[in-house]
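Colleague: For reference, the file my_file18.tsv (TSV, N, CA, C and O atoms) is included below:
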chain	number	residue	atom	x	y	z
A	1	GLU	N	16.82	28.83	-8.65
A	1	GLU	CA	16.98	28.23	-7.34
A	1	GLU	C	16.03	28.90	-6.37
A	1	GLU	O	15.94	30.12	-6.32
A	2	LEU	N	15.32	28.11	-5.59
A	2	LEU	CA	14.37	28.64	-4.62
A	2	LEU	C	15.02	29.00	-3.30
A	2	LEU	O	14.52	29.85	-2.57
A	3	GLY	N	16.13	28.37	-2.97
A	3	GLY	CA	16.77	28.60	-1.68
A	3	GLY	C	15.92	28.04	-0.56
A	3	GLY	O	15.14	27.11	-0.73
A	4	LEU	N	16.05	28.64	0.60
A	4	LEU	CA	15.26	28.25	1.76
A	4	LEU	C	13.80	28.59	1.49
A	4	LEU	O	13.49	29.71	1.08
A	5	VAL	N	12.89	27.63	1.70
A	5	VAL	CA	11.46	27.85	1.49
A	5	VAL	C	10.78	27.92	2.85
A	5	VAL	O	10.94	27.02	3.67
A	6	VAL	N	10.04	29.01	3.07
A	6	VAL	CA	9.33	29.19	4.33
A	6	VAL	C	7.87	29.54	4.05
A	6	VAL	O	7.55	30.17	3.05
A	7	ALA	N	7.02	29.07	4.96
A	7	ALA	CA	5.59	29.40	4.89
A	7	ALA	C	5.14	29.78	6.29
A	7	ALA	O	5.26	28.98	7.22
A	8	PRO	N	4.66	31.00	6.48
A	8	PRO	CA	4.17	31.40	7.79
A	8	PRO	C	3.05	30.47	8.27
A	8	PRO	O	2.39	29.79	7.47
A	9	VAL	N	2.81	30.49	9.55
A	9	VAL	CA	1.81	29.60	10.17
A	9	VAL	C	0.45	29.67	9.49
A	9	VAL	O	-0.14	28.61	9.22
A	10	PRO	N	-0.10	30.84	9.16
A	10	PRO	CA	-1.42	30.84	8.52
A	10	PRO	C	-1.46	30.00	7.24
A	10	PRO	O	-2.45	29.32	6.98
A	11	VAL	N	-0.41	30.05	6.44
A	11	VAL	CA	-0.38	29.26	5.21
A	11	VAL	C	-0.21	27.78	5.53
A	11	VAL	O	-0.94	26.93	5.02
A	12	SER	N	0.74	27.45	6.37
A	12	SER	CA	1.01	26.04	6.65
A	12	SER	C	-0.16	25.35	7.34
A	12	SER	O	-0.33	24.15	7.21
A	13	GLN	N	-1.00	26.11	8.04
A	13	GLN	CA	-2.17	25.53	8.68
A	13	GLN	C	-3.39	25.47	7.76
A	13	GLN	O	-4.31	24.70	8.03
A	14	SER	N	-3.38	26.25	6.68
A	14	SER	CA	-4.56	26.34	5.82
A	14	SER	C	-4.44	25.59	4.50
A	14	SER	O	-5.45	25.21	3.92
A	15	ILE	N	-3.22	25.42	4.01
A	15	ILE	CA	-3.00	24.82	2.69
A	15	ILE	C	-2.17	23.55	2.86
A	15	ILE	O	-1.16	23.56	3.55
A	16	SER	N	-2.59	22.48	2.21
A	16	SER	CA	-1.88	21.21	2.37
A	16	SER	C	-0.47	21.28	1.79
A	16	SER	O	-0.21	22.01	0.82
A	17	GLY	N	0.41	20.51	2.38
A	17	GLY	CA	1.79	20.44	1.90
A	17	GLY	C	1.87	19.96	0.47
A	17	GLY	O	2.74	20.39	-0.29
A	18	ALA	N	0.96	19.07	0.07
A	18	ALA	CA	0.96	18.56	-1.31
A	18	ALA	C	0.66	19.68	-2.31
A	18	ALA	O	1.28	19.75	-3.38
A	19	ILE	N	-0.26	20.56	-1.97
A	19	ILE	CA	-0.58	21.68	-2.86
A	19	ILE	C	0.60	22.63	-2.94
A	19	ILE	O	0.99	23.06	-4.02
A	20	LEU	N	1.18	22.94	-1.81
A	20	LEU	CA	2.35	23.83	-1.80
A	20	LEU	C	3.49	23.21	-2.61
A	20	LEU	O	4.17	23.91	-3.38
A	21	ALA	N	3.70	21.91	-2.45
A	21	ALA	CA	4.76	21.23	-3.19
A	21	ALA	C	4.51	21.26	-4.69
A	21	ALA	O	5.46	21.28	-5.48
A	22	ALA	N	3.27	21.28	-5.11
A	22	ALA	CA	2.95	21.37	-6.54
A	22	ALA	C	3.13	22.78	-7.07
A	22	ALA	O	3.50	22.96	-8.24
A	23	LEU	N	2.89	23.79	-6.24
A	23	LEU	CA	3.01	25.17	-6.70
A	23	LEU	C	4.46	25.62	-6.84
A	23	LEU	O	4.78	26.45	-7.70
A	24	LEU	N	5.35	25.10	-6.01
A	24	LEU	CA	6.75	25.54	-6.05
A	24	LEU	C	7.43	25.27	-7.39
A	24	LEU	O	8.07	26.16	-7.93
A	25	PRO	N	7.31	24.06	-7.96
A	25	PRO	CA	7.94	23.85	-9.28
A	25	PRO	C	7.34	24.75	-10.37
A	25	PRO	O	8.06	25.22	-11.25
A	26	ALA	N	6.03	25.00	-10.29
A	26	ALA	CA	5.41	25.90	-11.27
A	26	ALA	C	6.02	27.29	-11.17
A	26	ALA	O	6.39	27.89	-12.18
A	27	HIS	N	6.17	27.77	-9.96
A	27	HIS	CA	6.80	29.08	-9.72
A	27	HIS	C	8.22	29.09	-10.26
A	27	HIS	O	8.63	30.02	-10.95
A	28	GLN	N	8.96	28.05	-9.97
A	28	GLN	CA	10.36	27.98	-10.37
A	28	GLN	C	10.52	27.89	-11.89
A	28	GLN	O	11.49	28.39	-12.45
A	29	LEU	N	9.55	27.29	-12.56
A	29	LEU	CA	9.63	27.10	-14.02
A	29	LEU	C	9.01	28.25	-14.81
A	29	LEU	O	8.97	28.21	-16.03
A	30	GLY	N	8.53	29.27	-14.12
A	30	GLY	CA	8.02	30.43	-14.84
A	30	GLY	C	6.53	30.44	-15.06
A	30	GLY	O	6.03	31.17	-15.92
A	31	GLN	N	5.79	29.67	-14.31
A	31	GLN	CA	4.32	29.71	-14.37
A	31	GLN	C	3.86	30.65	-13.26
A	31	GLN	O	3.74	30.25	-12.11
A	32	TRP	N	3.65	31.90	-13.63
A	32	TRP	CA	3.44	32.96	-12.64
A	32	TRP	C	2.02	33.04	-12.14
A	32	TRP	O	1.69	33.92	-11.34
A	33	GLY	N	1.16	32.19	-12.61
A	33	GLY	CA	-0.22	32.18	-12.12
A	33	GLY	C	-0.93	33.48	-12.42
A	33	GLY	O	-0.90	33.97	-13.53
A	34	ARG	N	-1.52	34.07	-11.40
A	34	ARG	CA	-2.33	35.28	-11.55
A	34	ARG	C	-1.56	36.56	-11.27
A	34	ARG	O	-2.15	37.59	-10.97
A	35	SER	N	-0.24	36.49	-11.33
A	35	SER	CA	0.54	37.71	-11.08
A	35	SER	C	0.32	38.69	-12.24
A	35	SER	O	0.01	38.28	-13.35
A	36	PRO	N	0.48	39.98	-12.00
A	36	PRO	CA	0.27	40.96	-13.06
A	36	PRO	C	1.19	40.71	-14.26
A	36	PRO	O	2.37	40.38	-14.07
A	37	VAL	N	0.66	40.86	-15.44
A	37	VAL	CA	1.45	40.64	-16.65
A	37	VAL	C	2.67	41.53	-16.68
A	37	VAL	O	3.73	41.15	-17.17
A	38	THR	N	2.58	42.71	-16.09
A	38	THR	CA	3.72	43.64	-16.10
A	38	THR	C	4.93	43.07	-15.36
A	38	THR	O	6.05	43.48	-15.64
A	39	SER	N	4.72	42.15	-14.45
A	39	SER	CA	5.85	41.59	-13.71
A	39	SER	C	6.45	40.37	-14.40
A	39	SER	O	7.51	39.89	-14.01
A	40	HIS	N	5.81	39.85	-15.45
A	40	HIS	CA	6.29	38.64	-16.09
A	40	HIS	C	7.69	38.79	-16.70
A	40	HIS	O	8.53	37.91	-16.54
A	41	SER	N	7.96	39.88	-17.38
A	41	SER	CA	9.28	40.04	-18.01
A	41	SER	C	10.37	40.20	-16.95
A	41	SER	O	11.46	39.64	-17.09
A	42	GLU	N	10.08	40.94	-15.89
A	42	GLU	CA	11.05	41.07	-14.80
A	42	GLU	C	11.27	39.72	-14.11
A	42	GLU	O	12.40	39.35	-13.80
A	43	ASN	N	10.19	38.99	-13.88
A	43	ASN	CA	10.31	37.65	-13.30
A	43	ASN	C	11.23	36.76	-14.14
A	43	ASN	O	12.11	36.08	-13.62
A	44	GLU	N	10.99	36.78	-15.43
A	44	GLU	CA	11.76	35.91	-16.32
A	44	GLU	C	13.24	36.29	-16.32
A	44	GLU	O	14.12	35.43	-16.27
A	45	ARG	N	13.51	37.56	-16.38
A	45	ARG	CA	14.91	38.02	-16.34
A	45	ARG	C	15.58	37.59	-15.02
A	45	ARG	O	16.70	37.08	-15.02
A	46	ASN	N	14.89	37.78	-13.91
A	46	ASN	CA	15.45	37.42	-12.62
A	46	ASN	C	15.56	35.91	-12.44
A	46	ASN	O	16.50	35.42	-11.81
A	47	ARG	N	14.62	35.18	-13.01
A	47	ARG	CA	14.69	33.71	-12.94
A	47	ARG	C	15.92	33.19	-13.67
A	47	ARG	O	16.64	32.33	-13.17
A	48	ARG	N	16.18	33.74	-14.83
A	48	ARG	CA	17.34	33.30	-15.62
A	48	ARG	C	18.67	33.65	-14.97
A	48	ARG	O	19.63	32.90	-15.04
A	49	SER	N	18.71	34.81	-14.31
A	49	SER	CA	19.97	35.25	-13.70
A	49	SER	C	20.13	34.72	-12.27
A	49	SER	O	21.22	34.80	-11.70
A	50	ASN	N	19.05	34.15	-11.72
A	50	ASN	CA	19.06	33.65	-10.34
A	50	ASN	C	19.36	34.78	-9.35
A	50	ASN	O	20.00	34.59	-8.34
A	51	LYS	N	18.92	36.00	-9.70
A	51	LYS	CA	19.09	37.18	-8.85
A	51	LYS	C	17.79	37.95	-8.87
A	51	LYS	O	16.99	37.84	-9.78
A	52	GLY	N	17.62	38.79	-7.86
A	52	GLY	CA	16.44	39.65	-7.82
A	52	GLY	C	15.19	38.90	-7.37
A	52	GLY	O	15.24	37.77	-6.92
A	53	ARG	N	14.08	39.57	-7.52
A	53	ARG	CA	12.82	39.08	-7.00
A	53	ARG	C	11.99	38.41	-8.09
A	53	ARG	O	11.88	38.92	-9.21
A	54	ILE	N	11.37	37.30	-7.72
A	54	ILE	CA	10.43	36.59	-8.59
A	54	ILE	C	9.15	36.44	-7.79
A	54	ILE	O	9.19	35.99	-6.63
A	55	SER	N	8.03	36.81	-8.38
A	55	SER	CA	6.77	36.67	-7.65
A	55	SER	C	5.72	36.00	-8.52
A	55	SER	O	5.68	36.19	-9.73
A	56	SER	N	4.90	35.20	-7.88
A	56	SER	CA	3.77	34.60	-8.57
A	56	SER	C	2.58	34.59	-7.63
A	56	SER	O	2.73	34.70	-6.41
A	57	ALA	N	1.40	34.51	-8.19
A	57	ALA	CA	0.16	34.50	-7.41
A	57	ALA	C	-0.70	33.36	-7.91
A	57	ALA	O	-0.89	33.20	-9.12
A	58	HIS	N	-1.20	32.55	-7.00
A	58	HIS	CA	-1.97	31.37	-7.37
A	58	HIS	C	-3.25	31.31	-6.56
A	58	HIS	O	-3.26	31.64	-5.37
A	59	GLN	N	-4.30	30.87	-7.21
A	59	GLN	CA	-5.59	30.71	-6.54
A	59	GLN	C	-5.70	29.26	-6.07
A	59	GLN	O	-5.54	28.33	-6.86
A	60	VAL	N	-5.95	29.07	-4.79
A	60	VAL	CA	-6.16	27.74	-4.21
A	60	VAL	C	-7.51	27.79	-3.52
A	60	VAL	O	-7.65	28.40	-2.45
A	61	GLY	N	-8.51	27.20	-4.15
A	61	GLY	CA	-9.87	27.34	-3.64
A	61	GLY	C	-10.25	28.81	-3.66
A	61	GLY	O	-10.12	29.48	-4.68
A	62	LYS	N	-10.67	29.32	-2.53
A	62	LYS	CA	-11.06	30.73	-2.44
A	62	LYS	C	-9.92	31.62	-1.96
A	62	LYS	O	-10.09	32.82	-1.79
A	63	LYS	N	-8.75	31.05	-1.77
A	63	LYS	CA	-7.61	31.81	-1.23
A	63	LYS	C	-6.59	32.09	-2.32
A	63	LYS	O	-6.34	31.26	-3.18
A	64	THR	N	-5.98	33.26	-2.23
A	64	THR	CA	-4.87	33.60	-3.10
A	64	THR	C	-3.59	33.40	-2.31
A	64	THR	O	-3.50	33.78	-1.14
A	65	ILE	N	-2.61	32.78	-2.95
A	65	ILE	CA	-1.30	32.56	-2.33
A	65	ILE	C	-0.26	33.27	-3.17
A	65	ILE	O	-0.26	33.18	-4.40
A	66	TRP	N	0.61	34.01	-2.52
A	66	TRP	CA	1.75	34.62	-3.18
A	66	TRP	C	2.98	33.78	-2.89
A	66	TRP	O	3.20	33.34	-1.76
A	67	ILE	N	3.81	33.60	-3.90
A	67	ILE	CA	5.11	32.98	-3.74
A	67	ILE	C	6.14	34.00	-4.19
A	67	ILE	O	6.08	34.48	-5.32
A	68	ILE	N	7.06	34.33	-3.30
A	68	ILE	CA	8.06	35.36	-3.58
A	68	ILE	C	9.45	34.79	-3.31
A	68	ILE	O	9.72	34.32	-2.21
A	69	THR	N	10.30	34.82	-4.33
A	69	THR	CA	11.70	34.39	-4.18
A	69	THR	C	12.56	35.64	-4.29
A	69	THR	O	12.39	36.44	-5.22
A	70	GLU	N	13.47	35.80	-3.33
A	70	GLU	CA	14.34	36.98	-3.30
A	70	GLU	C	15.76	36.57	-2.96
A	70	GLU	O	16.00	35.49	-2.45
A	71	GLY	N	16.68	37.50	-3.19
A	71	GLY	CA	18.07	37.30	-2.81
A	71	GLY	C	18.96	37.03	-4.01
A	71	GLY	O	18.52	37.01	-5.15
A	72	GLY	N	20.24	36.81	-3.72
A	72	GLY	CA	21.20	36.51	-4.76
A	72	GLY	C	21.83	37.72	-5.41
A	72	GLY	O	22.71	37.59	-6.26
A	73	GLU	N	21.41	38.92	-5.03
A	73	GLU	CA	21.92	40.13	-5.68
A	73	GLU	C	23.41	40.36	-5.44
A	73	GLU	O	24.10	40.87	-6.28
A	74	ARG	N	23.88	39.98	-4.28
A	74	ARG	CA	25.27	40.26	-3.93
A	74	ARG	C	26.19	39.06	-4.16
A	74	ARG	O	27.25	38.98	-3.56
A	75	GLY	N	25.80	38.14	-4.97
A	75	GLY	CA	26.65	37.01	-5.30
A	75	GLY	C	26.61	35.90	-4.28
A	75	GLY	O	26.26	34.79	-4.60
A	76	ASN	N	26.95	36.19	-3.04
A	76	ASN	CA	26.95	35.15	-2.02
A	76	ASN	C	25.71	35.18	-1.13
A	76	ASN	O	25.60	34.41	-0.20
A	77	GLU	N	24.81	36.09	-1.40
A	77	GLU	CA	23.59	36.20	-0.62
A	77	GLU	C	22.67	35.02	-0.96
A	77	GLU	O	22.39	34.76	-2.12
A	78	PRO	N	22.19	34.29	0.04
A	78	PRO	CA	21.34	33.13	-0.26
A	78	PRO	C	19.96	33.54	-0.76
A	78	PRO	O	19.46	34.62	-0.42
A	79	ARG	N	19.36	32.69	-1.57
A	79	ARG	CA	17.99	32.88	-2.04
A	79	ARG	C	17.04	32.42	-0.95
A	79	ARG	O	17.36	31.56	-0.14
A	80	ARG	N	15.85	32.99	-0.95
A	80	ARG	CA	14.82	32.61	0.01
A	80	ARG	C	13.47	32.73	-0.68
A	80	ARG	O	13.21	33.73	-1.37
A	81	THR	N	12.62	31.74	-0.48
A	81	THR	CA	11.29	31.75	-1.05
A	81	THR	C	10.27	31.73	0.08
A	81	THR	O	10.36	30.89	0.97
A	82	THR	N	9.34	32.67	0.03
A	82	THR	CA	8.30	32.76	1.04
A	82	THR	C	6.95	32.53	0.38
A	82	THR	O	6.66	33.09	-0.68
A	83	ILE	N	6.14	31.69	1.00
A	83	ILE	CA	4.77	31.43	0.54
A	83	ILE	C	3.85	32.07	1.56
A	83	ILE	O	3.93	31.77	2.75
A	84	LEU	N	3.01	32.99	1.10
A	84	LEU	CA	2.18	33.72	2.06
A	84	LEU	C	0.86	34.15	1.45
A	84	LEU	O	0.68	34.11	0.23
A	85	PHE	N	-0.06	34.53	2.32
A	85	PHE	CA	-1.30	35.14	1.89
A	85	PHE	C	-1.04	36.64	1.72
A	85	PHE	O	-0.24	37.21	2.46
A	86	PRO	N	-1.71	37.29	0.78
A	86	PRO	CA	-1.51	38.72	0.58
A	86	PRO	C	-1.68	39.54	1.87
A	86	PRO	O	-0.95	40.49	2.09
A	87	ASP	N	-2.62	39.16	2.71
A	87	ASP	CA	-2.83	39.90	3.96
A	87	ASP	C	-1.66	39.79	4.93
A	87	ASP	O	-1.54	40.59	5.86
A	88	ASP	N	-0.80	38.79	4.73
A	88	ASP	CA	0.36	38.60	5.61
A	88	ASP	C	1.59	39.32	5.12
A	88	ASP	O	2.64	39.24	5.75
A	89	TYR	N	1.50	40.00	3.98
A	89	TYR	CA	2.67	40.67	3.41
A	89	TYR	C	3.06	41.87	4.21
A	89	TYR	O	2.34	42.67	4.68
Could you render the structure from this file as structure tokens?

Modeller:
Amino acid sequence: ELGLVVAPVPVSQSISGAILAALLPAHQLGQWGRSPVTSHSENERNRRSNKGRISSAHQVGKKTIWIITEGGERGNEPRRTTILFPDDY
């Protein structure tokens, strides 16, 4: 579950909604893009449990976009997905 999806102004002004809409299902289905291989097993474990952090990195033209889903650790805590540029982290 992605939960609430947010994109800061720099992303929403620079990347089309159609591209962002295509990247979200890939992130949710375990296509981590250019994220470090070391995070893949943790991502997969957290994706299956719907808890913890899931991160992916995708190249869109000359820009790198990070997608980070967090939350769910305390059972009733809502999930939240943020789409951002690395410089905005």

Colleague: Assign secondary structure with DSSP using the backbone only, and return the residues of chain A in alpha helix (DSSP H) as a list of chain:residue names.

Modeller: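 Filtering chain A down to alpha helix (DSSP H) leaves A:Val9, A:Pro10, A:Val11, A:Ser12, A:Gln13, A:Ser14, A:Gly17, A:Ala18, A:Ile19, A:Leu20, A:Ala21, A:Ala22, A:Leu23, A:Leu24, A:Pro25, A:Ala26, A:His27, A:Gln28, A:His40, A:Ser41, A:Glu42, A:Asn43, A:Glu44, A:Arg45, A:Asn46, A:Arg47, A:Arg48, A:Ser49.
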
Colleague: DSSP on the backbone: what in chain A comes out strand (DSSP E or B), as a list of chain:residue names?

Modeller: A:Leu4, A:Val5, A:Val6, A:Gly33, A:Ile54, A:Ser55, A:Ser56, A:Ala57, A:His58, A:Gln59, A:Val60, A:Lys63, A:Thr64, A:Ile65, A:Trp66, A:Ile67, A:Ile68, A:Thr69, A:Glu70, A:Arg80, A:Thr81, A:Thr82, A:Ile83, A:Leu84

Colleague: Return the single residue from A:Asp87, A:Leu23, A:Gly72, A:Glu77 that is closest to A:Ser56, with distances computed using only C-alpha atoms.

Modeller: A:Leu23

Colleague: Hey, which of A:Pro86, A:Leu24, A:Gly61, A:Thr69 ends up closest to A:Asn46? Count all atoms listed in the file.

Modeller: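 Going through A:Pro86, A:Leu24, A:Gly61, A:Thr69 one by one, the smallest distance to A:Asn46 is for A:Thr69.
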
Colleague: Could you name the residues that touch A:Pro36 at 7 Å or less, counting all atoms listed in the file, but leaving out those on the same chain fewer than 4 positions away, as a ChimeraX atom specification?

Modeller: /A:32,40-41,55,57

Colleague: Do you know which residues are at most 6 Å from A:Gly52 counting only C-alpha atoms, after dropping those on the same chain fewer than 6 positions away, and could you put them as a list in words?

Modeller: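 Residues meeting the cut-off are Asn46, Glu70, Gly71 and Glu73 of chain A.
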
Colleague: Centre and edge lengths of an axis-aligned box around all listed atoms of stretch 18-36 of chain A, with 4 Å added on each side, are to be given in Å to one decimal, as AutoDock Vina command-line options.

Modeller:
--center_x 4.6 --center_y 29.8 --center_z -8.0 --size_x 21.8 --size_y 30.4 --size_z 24.1

Colleague: Expressed in Å to a single decimal, how great is the separation between atom O of A:Trp66 and atom O of A:Arg48?

Modeller: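 Those two atoms sit 21.1 Å apart.
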
Colleague: Which of these, A:Leu84, A:Gly30, A:Val11, A:Val60, has the shortest distance to A:Glu44 once you count only N, CA, C and O atoms?

Modeller: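 Among A:Leu84, A:Gly30, A:Val11, A:Val60, it is A:Gly30 that comes nearest to A:Glu44.
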
Colleague: Have a look at atom C of A:Thr64 and atom CA of A:Phe85 and let me know their distance in Å, one decimal.

Modeller: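 Spanning atom C of A:Thr64 to atom CA of A:Phe85 is a straight-line distance of 5.1 Å.
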
Colleague: Name the residues in contact with A:Leu4 at a cut-off of 5 Å, using all atoms listed in the file, excluding same-chain residues fewer than 2 positions from it; report them as a PDB file with N, CA, C and O atoms, in the coordinates of the input.

Modeller:
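In the end it all went to part07.pdb:
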ATOM      1  N   LEU A   2      15.320  28.110  -5.590  1.00  0.00           N
ATOM      2  CA  LEU A   2      14.370  28.640  -4.620  1.00  0.00           C
ATOM      3  C   LEU A   2      15.020  29.000  -3.300  1.00  0.00           C
ATOM      4  O   LEU A   2      14.520  29.850  -2.570  1.00  0.00           O
ATOM      5  N   VAL A   6      10.040  29.010   3.070  1.00  0.00           N
ATOM      6  CA  VAL A   6       9.330  29.190   4.330  1.00  0.00           C
ATOM      7  C   VAL A   6       7.870  29.540   4.050  1.00  0.00           C
ATOM      8  O   VAL A   6       7.550  30.170   3.050  1.00  0.00           O
ATOM      9  N   ARG A  79      19.360  32.690  -1.570  1.00  0.00           N
ATOM     10  CA  ARG A  79      17.990  32.880  -2.040  1.00  0.00           C
ATOM     11  C   ARG A  79      17.040  32.420  -0.950  1.00  0.00           C
ATOM     12  O   ARG A  79      17.360  31.560  -0.140  1.00  0.00           O
ATOM     13  N   ARG A  80      15.850  32.990  -0.950  1.00  0.00           N
ATOM     14  CA  ARG A  80      14.820  32.610   0.010  1.00  0.00           C
ATOM     15  C   ARG A  80      13.470  32.730  -0.680  1.00  0.00           C
ATOM     16  O   ARG A  80      13.210  33.730  -1.370  1.00  0.00           O
ATOM     17  N   THR A  81      12.620  31.740  -0.480  1.00  0.00           N
ATOM     18  CA  THR A  81      11.290  31.750  -1.050  1.00  0.00           C
ATOM     19  C   THR A  81      10.270  31.730   0.080  1.00  0.00           C
ATOM     20  O   THR A  81      10.360  30.890   0.970  1.00  0.00           O
TER      21      THR A  81
END
